[in-house]
>>> print(open('my_file07.txt').read())   # compact mmCIF, N, CA and C atoms
# COMPACT_ATOMS: atom_id res chain seq x y z
N MET A 1 -6.07 -1.82 -30.00
CA MET A 1 -4.79 -1.34 -30.47
C MET A 1 -3.75 -1.53 -29.35
N SER A 2 -2.68 -2.20 -29.65
CA SER A 2 -1.64 -2.41 -28.66
C SER A 2 -0.68 -1.22 -28.68
N PRO A 3 -0.03 -0.97 -27.55
CA PRO A 3 0.91 0.16 -27.50
C PRO A 3 2.12 -0.09 -28.38
N ASP A 4 2.69 0.99 -28.87
CA ASP A 4 3.87 0.92 -29.72
C ASP A 4 5.08 1.33 -28.90
N PHE A 5 6.04 0.43 -28.74
CA PHE A 5 7.25 0.71 -28.01
C PHE A 5 8.43 0.61 -28.98
N PRO A 6 8.77 1.70 -29.64
CA PRO A 6 9.82 1.63 -30.67
C PRO A 6 11.18 1.25 -30.11
N ASN A 7 11.45 1.51 -28.83
CA ASN A 7 12.75 1.19 -28.25
C ASN A 7 12.66 0.03 -27.27
N SER A 8 11.74 -0.88 -27.51
CA SER A 8 11.52 -1.96 -26.56
C SER A 8 12.74 -2.85 -26.40
N SER A 9 13.53 -3.04 -27.43
CA SER A 9 14.73 -3.88 -27.30
C SER A 9 15.72 -3.23 -26.34
N GLU A 10 15.83 -1.92 -26.37
CA GLU A 10 16.71 -1.21 -25.43
C GLU A 10 16.19 -1.33 -24.00
N LEU A 11 14.87 -1.24 -23.84
CA LEU A 11 14.25 -1.38 -22.53
C LEU A 11 14.49 -2.78 -21.97
N ILE A 12 14.32 -3.79 -22.79
CA ILE A 12 14.55 -5.17 -22.36
C ILE A 12 16.02 -5.38 -21.99
N ALA A 13 16.92 -4.85 -22.78
CA ALA A 13 18.35 -5.00 -22.50
C ALA A 13 18.73 -4.31 -21.20
N ALA A 14 18.23 -3.10 -20.98
CA ALA A 14 18.53 -2.37 -19.73
C ALA A 14 17.97 -3.11 -18.53
N THR A 15 16.79 -3.67 -18.68
CA THR A 15 16.18 -4.44 -17.59
C THR A 15 17.02 -5.68 -17.30
N SER A 16 17.46 -6.37 -18.32
CA SER A 16 18.28 -7.58 -18.17
C SER A 16 19.59 -7.28 -17.47
N ARG A 17 20.14 -6.10 -17.69
CA ARG A 17 21.41 -5.71 -17.05
C ARG A 17 21.20 -5.19 -15.63
N GLY A 18 19.97 -4.97 -15.22
CA GLY A 18 19.72 -4.41 -13.90
C GLY A 18 19.94 -2.92 -13.86
N ASP A 19 19.75 -2.25 -15.00
CA ASP A 19 19.98 -0.81 -15.09
C ASP A 19 18.72 0.01 -14.83
N MET A 20 17.60 -0.64 -14.59
CA MET A 20 16.34 0.08 -14.45
C MET A 20 16.08 0.46 -12.99
N VAL A 21 15.42 1.60 -12.82
CA VAL A 21 15.01 2.09 -11.51
C VAL A 21 13.48 2.09 -11.51
N LEU A 22 12.90 1.64 -10.41
CA LEU A 22 11.45 1.59 -10.29
C LEU A 22 10.99 2.60 -9.24
N PHE A 23 10.04 3.45 -9.62
CA PHE A 23 9.42 4.40 -8.70
C PHE A 23 7.99 3.96 -8.47
N LEU A 24 7.60 3.79 -7.21
CA LEU A 24 6.26 3.34 -6.87
C LEU A 24 5.57 4.37 -5.98
N GLY A 25 4.30 4.63 -6.25
CA GLY A 25 3.50 5.51 -5.42
C GLY A 25 2.44 4.73 -4.68
N ALA A 26 1.57 5.44 -4.00
CA ALA A 26 0.53 4.80 -3.19
C ALA A 26 -0.39 3.91 -4.01
N GLY A 27 -0.58 4.23 -5.27
CA GLY A 27 -1.48 3.46 -6.11
C GLY A 27 -1.04 2.03 -6.33
N VAL A 28 0.22 1.72 -6.04
CA VAL A 28 0.70 0.36 -6.25
C VAL A 28 -0.05 -0.63 -5.37
N ASN A 29 -0.59 -0.18 -4.26
CA ASN A 29 -1.33 -1.05 -3.35
C ASN A 29 -2.84 -1.04 -3.61
N ALA A 30 -3.29 -0.34 -4.63
CA ALA A 30 -4.72 -0.12 -4.84
C ALA A 30 -5.53 -1.41 -4.92
N ASP A 31 -4.98 -2.45 -5.52
CA ASP A 31 -5.73 -3.69 -5.65
C ASP A 31 -5.36 -4.73 -4.61
N CYS A 32 -4.51 -4.36 -3.67
CA CYS A 32 -4.12 -5.29 -2.61
C CYS A 32 -5.23 -5.39 -1.57
N GLU A 33 -5.24 -6.50 -0.87
CA GLU A 33 -6.07 -6.61 0.32
C GLU A 33 -5.15 -6.42 1.51
N MET A 34 -5.71 -5.83 2.57
CA MET A 34 -4.90 -5.52 3.74
C MET A 34 -5.68 -5.86 5.00
N GLY A 35 -4.92 -6.18 6.04
CA GLY A 35 -5.51 -6.33 7.35
C GLY A 35 -5.90 -7.74 7.70
N ASP A 36 -6.42 -7.83 8.91
CA ASP A 36 -6.87 -9.10 9.47
C ASP A 36 -8.23 -8.87 10.11
N PRO A 37 -9.30 -9.26 9.44
CA PRO A 37 -9.40 -10.02 8.20
C PRO A 37 -9.10 -9.14 6.99
N PRO A 38 -8.69 -9.77 5.87
CA PRO A 38 -8.34 -9.00 4.67
C PRO A 38 -9.53 -8.21 4.12
N LYS A 39 -9.26 -6.95 3.80
CA LYS A 39 -10.24 -6.06 3.18
C LYS A 39 -9.53 -5.30 2.07
N PRO A 40 -10.28 -4.75 1.11
CA PRO A 40 -9.63 -3.95 0.07
C PRO A 40 -8.84 -2.79 0.69
N ALA A 41 -7.73 -2.45 0.05
CA ALA A 41 -6.92 -1.33 0.53
C ALA A 41 -7.76 -0.06 0.58
N PRO A 42 -7.63 0.71 1.65
CA PRO A 42 -8.41 1.96 1.72
C PRO A 42 -7.82 3.02 0.80
N LEU A 43 -8.60 3.47 -0.14
CA LEU A 43 -8.16 4.49 -1.09
C LEU A 43 -8.83 5.82 -0.79
N GLY A 44 -8.15 6.91 -1.11
CA GLY A 44 -8.72 8.24 -0.91
C GLY A 44 -9.10 8.46 0.55
N ASN A 45 -10.33 8.88 0.76
CA ASN A 45 -10.81 9.15 2.13
C ASN A 45 -11.35 7.91 2.82
N ASN A 46 -11.19 6.73 2.23
CA ASN A 46 -11.76 5.53 2.83
C ASN A 46 -11.18 5.20 4.19
N LEU A 47 -9.89 5.45 4.41
CA LEU A 47 -9.32 5.17 5.72
C LEU A 47 -9.93 6.10 6.76
N SER A 48 -10.10 7.34 6.43
CA SER A 48 -10.76 8.29 7.34
C SER A 48 -12.17 7.80 7.66
N HIS A 49 -12.89 7.36 6.65
CA HIS A 49 -14.24 6.84 6.84
C HIS A 49 -14.23 5.59 7.72
N ASP A 50 -13.32 4.65 7.43
CA ASP A 50 -13.21 3.42 8.24
C ASP A 50 -12.94 3.74 9.70
N LEU A 51 -12.01 4.65 9.94
CA LEU A 51 -11.68 5.04 11.32
C LEU A 51 -12.89 5.65 12.02
N SER A 52 -13.56 6.55 11.33
CA SER A 52 -14.71 7.23 11.90
C SER A 52 -15.80 6.23 12.27
N LYS A 53 -16.11 5.33 11.37
CA LYS A 53 -17.17 4.34 11.62
C LYS A 53 -16.78 3.36 12.72
N HIS A 54 -15.50 3.02 12.81
CA HIS A 54 -15.05 2.10 13.85
C HIS A 54 -15.11 2.73 15.24
N PHE A 55 -14.57 3.94 15.36
CA PHE A 55 -14.48 4.57 16.67
C PHE A 55 -15.73 5.36 17.07
N PHE A 56 -16.48 5.83 16.09
CA PHE A 56 -17.66 6.65 16.37
C PHE A 56 -18.85 6.15 15.54
N PRO A 57 -19.28 4.92 15.79
CA PRO A 57 -20.31 4.32 14.94
C PRO A 57 -21.66 5.04 14.98
N ASP A 58 -21.94 5.78 16.03
CA ASP A 58 -23.22 6.47 16.14
C ASP A 58 -23.20 7.88 15.57
N GLU A 59 -22.03 8.31 15.10
CA GLU A 59 -21.90 9.65 14.54
C GLU A 59 -21.87 9.60 13.02
N ALA A 60 -22.44 10.60 12.41
CA ALA A 60 -22.41 10.70 10.95
C ALA A 60 -20.99 11.06 10.51
N TYR A 61 -20.55 10.42 9.43
CA TYR A 61 -19.25 10.76 8.85
C TYR A 61 -19.48 11.86 7.83
N ASN A 62 -18.80 12.98 8.01
CA ASN A 62 -18.99 14.14 7.14
C ASN A 62 -17.76 14.43 6.29
N LYS A 63 -17.09 13.36 5.87
CA LYS A 63 -15.91 13.46 5.00
C LYS A 63 -14.79 14.28 5.64
N GLU A 64 -14.63 14.11 6.96
CA GLU A 64 -13.53 14.77 7.65
C GLU A 64 -12.21 14.21 7.14
N SER A 65 -11.17 15.01 7.22
CA SER A 65 -9.85 14.58 6.78
C SER A 65 -9.32 13.49 7.71
N LEU A 66 -8.36 12.75 7.20
CA LEU A 66 -7.71 11.72 8.02
C LEU A 66 -7.06 12.35 9.24
N LYS A 67 -6.47 13.51 9.06
CA LYS A 67 -5.84 14.21 10.19
C LYS A 67 -6.87 14.56 11.25
N ALA A 68 -8.03 15.07 10.84
CA ALA A 68 -9.06 15.45 11.81
C ALA A 68 -9.61 14.24 12.55
N VAL A 69 -9.89 13.17 11.82
CA VAL A 69 -10.45 11.97 12.44
C VAL A 69 -9.43 11.33 13.38
N SER A 70 -8.19 11.19 12.93
CA SER A 70 -7.19 10.54 13.78
C SER A 70 -6.87 11.39 15.01
N SER A 71 -6.87 12.70 14.88
CA SER A 71 -6.66 13.57 16.05
C SER A 71 -7.79 13.41 17.06
N LYS A 72 -9.00 13.33 16.56
CA LYS A 72 -10.16 13.13 17.45
C LYS A 72 -10.04 11.79 18.18
N ILE A 73 -9.64 10.75 17.47
CA ILE A 73 -9.48 9.44 18.10
C ILE A 73 -8.38 9.49 19.16
N GLN A 74 -7.26 10.10 18.83
CA GLN A 74 -6.16 10.21 19.80
C GLN A 74 -6.62 10.94 21.06
N ASN A 75 -7.38 12.01 20.90
CA ASN A 75 -7.83 12.80 22.05
C ASN A 75 -8.85 12.06 22.91
N ILE A 76 -9.70 11.26 22.28
CA ILE A 76 -10.77 10.59 23.02
C ILE A 76 -10.39 9.18 23.45
N GLU A 77 -9.81 8.43 22.54
CA GLU A 77 -9.52 7.01 22.79
C GLU A 77 -8.06 6.74 23.16
N GLY A 78 -7.18 7.62 22.72
CA GLY A 78 -5.76 7.44 22.99
C GLY A 78 -5.00 6.91 21.78
N ASP A 79 -3.72 7.18 21.80
CA ASP A 79 -2.84 6.83 20.70
C ASP A 79 -2.72 5.31 20.50
N GLU A 80 -2.68 4.57 21.59
CA GLU A 80 -2.50 3.12 21.48
C GLU A 80 -3.66 2.44 20.78
N LYS A 81 -4.89 2.86 21.04
CA LYS A 81 -6.05 2.27 20.37
C LYS A 81 -6.04 2.60 18.88
N LEU A 82 -5.66 3.81 18.54
CA LEU A 82 -5.56 4.19 17.13
C LEU A 82 -4.49 3.35 16.45
N ARG A 83 -3.34 3.25 17.06
CA ARG A 83 -2.23 2.48 16.48
C ARG A 83 -2.62 1.01 16.31
N SER A 84 -3.26 0.44 17.30
CA SER A 84 -3.68 -0.96 17.23
C SER A 84 -4.66 -1.18 16.08
N TYR A 85 -5.62 -0.27 15.93
CA TYR A 85 -6.57 -0.39 14.83
C TYR A 85 -5.86 -0.33 13.49
N LEU A 86 -4.94 0.64 13.34
CA LEU A 86 -4.24 0.81 12.07
C LEU A 86 -3.39 -0.41 11.72
N ILE A 87 -2.73 -0.98 12.71
CA ILE A 87 -1.93 -2.18 12.47
C ILE A 87 -2.83 -3.32 11.98
N ASN A 88 -3.96 -3.52 12.65
CA ASN A 88 -4.87 -4.59 12.25
C ASN A 88 -5.54 -4.31 10.91
N ARG A 89 -5.76 -3.05 10.60
CA ARG A 89 -6.43 -2.69 9.34
C ARG A 89 -5.49 -2.75 8.14
N LEU A 90 -4.21 -2.43 8.35
CA LEU A 90 -3.28 -2.29 7.24
C LEU A 90 -2.26 -3.42 7.11
N HIS A 91 -2.22 -4.33 8.08
CA HIS A 91 -1.24 -5.42 8.05
C HIS A 91 -1.95 -6.74 8.32
N PRO A 92 -1.59 -7.79 7.68
CA PRO A 92 -0.59 -7.87 6.63
C PRO A 92 -1.16 -7.39 5.30
N VAL A 93 -0.27 -7.14 4.36
CA VAL A 93 -0.67 -6.78 3.00
C VAL A 93 -0.63 -8.05 2.16
N HIS A 94 -1.69 -8.31 1.46
CA HIS A 94 -1.76 -9.44 0.54
C HIS A 94 -1.49 -8.89 -0.85
N ALA A 95 -0.26 -9.05 -1.31
CA ALA A 95 0.19 -8.44 -2.56
C ALA A 95 -0.54 -9.05 -3.76
N THR A 96 -0.76 -8.22 -4.77
CA THR A 96 -1.38 -8.67 -6.01
C THR A 96 -0.39 -9.49 -6.83
N LYS A 97 -0.90 -10.18 -7.85
CA LYS A 97 -0.03 -10.95 -8.75
C LYS A 97 0.99 -10.04 -9.41
N ALA A 98 0.57 -8.84 -9.78
CA ALA A 98 1.49 -7.90 -10.43
C ALA A 98 2.63 -7.52 -9.49
N LEU A 99 2.32 -7.22 -8.24
CA LEU A 99 3.38 -6.89 -7.27
C LEU A 99 4.30 -8.08 -7.05
N MET A 100 3.74 -9.27 -7.07
CA MET A 100 4.55 -10.46 -6.84
C MET A 100 5.55 -10.73 -7.96
N GLN A 101 5.39 -10.06 -9.10
CA GLN A 101 6.34 -10.22 -10.21
C GLN A 101 7.55 -9.30 -10.08
N ILE A 102 7.41 -8.22 -9.34
CA ILE A 102 8.48 -7.22 -9.23
C ILE A 102 9.79 -7.80 -8.70
N PRO A 103 9.77 -8.68 -7.69
CA PRO A 103 11.05 -9.21 -7.19
C PRO A 103 11.82 -10.06 -8.20
N TYR A 104 11.17 -10.48 -9.27
CA TYR A 104 11.82 -11.33 -10.25
C TYR A 104 12.50 -10.53 -11.37
N ILE A 105 12.50 -9.23 -11.21
CA ILE A 105 13.19 -8.34 -12.14
C ILE A 105 14.36 -7.73 -11.39
N GLN A 106 15.51 -7.70 -12.02
CA GLN A 106 16.70 -7.14 -11.38
C GLN A 106 16.68 -5.62 -11.52
N TRP A 107 16.33 -4.92 -10.44
CA TRP A 107 16.26 -3.46 -10.44
C TRP A 107 17.55 -2.89 -9.91
N ASN A 108 17.95 -1.76 -10.42
CA ASN A 108 19.10 -1.05 -9.87
C ASN A 108 18.71 -0.49 -8.51
N SER A 109 17.51 0.10 -8.43
CA SER A 109 16.98 0.66 -7.19
C SER A 109 15.46 0.65 -7.28
N ILE A 110 14.83 0.64 -6.10
CA ILE A 110 13.38 0.81 -6.02
C ILE A 110 13.13 1.93 -5.02
N TYR A 111 12.32 2.90 -5.43
CA TYR A 111 11.95 4.01 -4.57
C TYR A 111 10.44 4.00 -4.38
N THR A 112 10.02 4.16 -3.14
CA THR A 112 8.59 4.29 -2.87
C THR A 112 8.37 5.65 -2.22
N VAL A 113 7.26 6.26 -2.55
CA VAL A 113 6.99 7.60 -2.04
C VAL A 113 6.02 7.60 -0.87
N ASN A 114 5.54 6.45 -0.49
CA ASN A 114 4.65 6.31 0.66
C ASN A 114 5.06 5.07 1.44
N ILE A 115 4.45 4.90 2.59
CA ILE A 115 4.67 3.66 3.33
C ILE A 115 4.14 2.55 2.44
N ASP A 116 4.99 1.63 2.08
CA ASP A 116 4.60 0.66 1.07
C ASP A 116 4.96 -0.75 1.51
N TYR A 117 4.01 -1.39 2.16
CA TYR A 117 4.25 -2.75 2.61
C TYR A 117 3.94 -3.77 1.53
N GLY A 118 3.22 -3.36 0.50
CA GLY A 118 2.91 -4.29 -0.58
C GLY A 118 4.17 -4.79 -1.26
N ILE A 119 5.09 -3.90 -1.59
CA ILE A 119 6.31 -4.32 -2.26
C ILE A 119 7.19 -5.12 -1.30
N GLU A 120 7.19 -4.76 -0.02
CA GLU A 120 7.94 -5.53 0.96
C GLU A 120 7.39 -6.95 1.07
N THR A 121 6.07 -7.07 1.03
CA THR A 121 5.44 -8.39 1.07
C THR A 121 5.83 -9.20 -0.15
N ALA A 122 5.81 -8.57 -1.32
CA ALA A 122 6.17 -9.28 -2.55
C ALA A 122 7.60 -9.81 -2.46
N TYR A 123 8.54 -9.00 -1.98
CA TYR A 123 9.92 -9.45 -1.89
C TYR A 123 10.10 -10.52 -0.82
N SER A 124 9.42 -10.39 0.29
CA SER A 124 9.60 -11.41 1.34
C SER A 124 8.99 -12.76 0.93
N ASN A 125 8.01 -12.74 0.03
CA ASN A 125 7.39 -13.99 -0.42
C ASN A 125 8.00 -14.56 -1.68
N ALA A 126 8.90 -13.84 -2.31
CA ALA A 126 9.52 -14.32 -3.55
C ALA A 126 10.40 -15.54 -3.27
N GLU A 127 10.21 -16.58 -4.03
CA GLU A 127 10.99 -17.80 -3.84
C GLU A 127 12.43 -17.64 -4.31
N GLN A 128 12.61 -16.84 -5.34
CA GLN A 128 13.95 -16.63 -5.90
C GLN A 128 14.15 -15.15 -6.09
N LYS A 129 15.18 -14.60 -5.49
CA LYS A 129 15.45 -13.18 -5.63
C LYS A 129 16.55 -12.97 -6.66
N VAL A 130 16.40 -11.94 -7.48
CA VAL A 130 17.40 -11.66 -8.51
C VAL A 130 18.22 -10.44 -8.15
>>> encode(input="my_file07.txt", output="structure tokens")
Amino acid sequence: MSPDFPNSSELIAATSRGDMVLFLGAGVNADCEMGDPPKPAPLGNNLSHDLSKHFFPDEAYNKESLKAVSSKIQNIEGDEKLRSYLINRLHPVHATKALMQIPYIQWNSIYTVNIDYGIETAYSNAEQKV
């Protein structure tokens, strides 16, 4: 069963005029690959787990919060090592095909509620901006 959009012509017209606003949350990057080498985007507690395993490979990961793990790393290894790991783990973002379509729509505004490099990547790679 396909969705029913009774006002789809109005939606298409508003989009064509550039009257639409796009709100994006963290989930927009869920299917992106990130880092060097590229790996699936860390979802939920996966970043906390990745950090724990990288910096403390001989310790059991007990689902500690990202705040707890990153604080431990900062105290033991230092801020620069944590920052370097995060940059390599989260950059560059390899945007999905869906994200790569967003720059081809004329938006009035785009709002993101998290650090969102996926949409930035999509716009920087777009051949034609509208």
>>> closest_atom_pairs(input="my_file07.txt", of="segment 24-77 of chain A", to="segment 110-114 of chain A", cutoff="7 Å", atoms="only C-alpha atoms", output="Markdown table")
| residue | atom | partner | partner_atom | distance |
| --- | --- | --- | --- | --- |
| A:Leu24 | CA | A:Thr112 | CA | 4.7 |
| A:Gly25 | CA | A:Val113 | CA | 5.3 |
| A:Ala26 | CA | A:Asn114 | CA | 5.8 |
>>> write_last_selection(input="my_file07.txt", atoms="N, CA and C atoms", output="mmCIF file, in the coordinates of the input")
data_model
loop_
_atom_site.group_PDB
_atom_site.id
_atom_site.type_symbol
_atom_site.label_atom_id
_atom_site.label_comp_id
_atom_site.auth_asym_id
_atom_site.auth_seq_id
_atom_site.Cartn_x
_atom_site.Cartn_y
_atom_site.Cartn_z
ATOM 1 N N LEU A 24 7.600 3.790 -7.210
ATOM 2 C CA LEU A 24 6.260 3.340 -6.870
ATOM 3 C C LEU A 24 5.570 4.370 -5.980
ATOM 4 N N GLY A 25 4.300 4.630 -6.250
ATOM 5 C CA GLY A 25 3.500 5.510 -5.420
ATOM 6 C C GLY A 25 2.440 4.730 -4.680
ATOM 7 N N ALA A 26 1.570 5.440 -4.000
ATOM 8 C CA ALA A 26 0.530 4.800 -3.190
ATOM 9 C C ALA A 26 -0.390 3.910 -4.010
#
>>> residues_around(input="my_file07.txt", residues="segment 74-90 of chain A", least_positions_apart="6", cutoff="7 Å", atoms="all atoms listed in the file", output="short mmCIF file (atom, residue, chain, number, x, y, z; two decimals) with N, CA and C atoms, in the frame of the given file")
data_model
loop_
_atom_site.label_atom_id
_atom_site.label_comp_id
_atom_site.auth_asym_id
_atom_site.auth_seq_id
_atom_site.Cartn_x
_atom_site.Cartn_y
_atom_site.Cartn_z
N GLU A 33 -5.24 -6.50 -0.87
CA GLU A 33 -6.07 -6.61 0.32
C GLU A 33 -5.15 -6.42 1.51
N MET A 34 -5.71 -5.83 2.57
CA MET A 34 -4.90 -5.52 3.74
C MET A 34 -5.68 -5.86 5.00
N GLY A 35 -4.92 -6.18 6.04
CA GLY A 35 -5.51 -6.33 7.35
C GLY A 35 -5.90 -7.74 7.70
N ASP A 36 -6.42 -7.83 8.91
CA ASP A 36 -6.87 -9.10 9.47
C ASP A 36 -8.23 -8.87 10.11
N PRO A 37 -9.30 -9.26 9.44
CA PRO A 37 -9.40 -10.02 8.20
C PRO A 37 -9.10 -9.14 6.99
#
>>> select_by_dssp(input="my_file07.txt", residues="segment 4-124 of chain A", states="alpha helix (DSSP H)", output="VMD selection string")
chain A and resid 8 to 17 46 to 55 66 to 76 79 to 90 97 to 101 117 to 124
>>> closest_residue(input="my_file07.txt", among="A:Asn7, A:Glu64, A:Asp58, A:Pro42", to="Ala30 of chain A", atoms="all atoms listed in the file")
A:Pro42
>>> select_by_dssp(input="my_file07.txt", residues="chain A", states="strand (DSSP E or B)", output="MDAnalysis selection string")
chainID A and resid 21:24 33:34 39:40 93:94 109:112
>>> atom_distance(input="my_file07.txt", atom1="atom C of Val28 of chain A", atom2="atom CA of Leu51 of chain A")
21.1 Å
>>> atom_distance(input="my_file07.txt", atom1="atom N of Leu99 of chain A", atom2="atom N of Ser48 of chain A")
24.1 Å
>>> atom_distance(input="my_file07.txt", atom1="atom CA of Met20 of chain A", atom2="atom CA of Ser124 of chain A")
20.7 Å
>>> closest_residue(input="my_file07.txt", among="A:Asn125, A:Tyr104, A:His91, A:Val130", to="Cys32 of chain A", atoms="only C-alpha atoms")
A:His91
>>> closest_residue(input="my_file07.txt", among="A:Gln128, A:Ser71, A:Gln106, A:Ser65", to="Leu47 of chain A", atoms="all atoms listed in the file")
A:Ser65
>>> axis_aligned_box(input="my_file07.txt", around="segment 39-47 of chain A", padding_each_side="3 Å", output="AutoDock Vina command-line options")
--center_x -9.3 --center_y 1.1 --center_z 2.8 --size_x 10.8 --size_y 22.1 --size_z 13.9
>>> residues_around(input="my_file07.txt", residues="Ile102 of chain A", least_positions_apart="6", cutoff="8 Å", atoms="all atoms listed in the file", output="mmCIF file with N, CA and C atoms, in the frame of the given file")
data_model
loop_
_atom_site.group_PDB
_atom_site.id
_atom_site.type_symbol
_atom_site.label_atom_id
_atom_site.label_comp_id
_atom_site.auth_asym_id
_atom_site.auth_seq_id
_atom_site.Cartn_x
_atom_site.Cartn_y
_atom_site.Cartn_z
ATOM 1 N N ILE A 119 5.090 -3.900 -1.590
ATOM 2 C CA ILE A 119 6.310 -4.320 -2.260
ATOM 3 C C ILE A 119 7.190 -5.120 -1.300
ATOM 4 N N ALA A 122 5.810 -8.570 -1.320
ATOM 5 C CA ALA A 122 6.170 -9.280 -2.550
ATOM 6 C C ALA A 122 7.600 -9.810 -2.460
ATOM 7 N N TYR A 123 8.540 -9.000 -1.980
ATOM 8 C CA TYR A 123 9.920 -9.450 -1.890
ATOM 9 C C TYR A 123 10.100 -10.520 -0.820
ATOM 10 N N VAL A 130 16.400 -11.940 -7.480
ATOM 11 C CA VAL A 130 17.400 -11.660 -8.510
ATOM 12 C C VAL A 130 18.220 -10.440 -8.150
#
>>> closest_residue(input="my_file07.txt", among="A:Asn62, A:Ser52, A:Thr121, A:Ser16", to="Gln101 of chain A", atoms="only C-alpha atoms")
A:Thr121
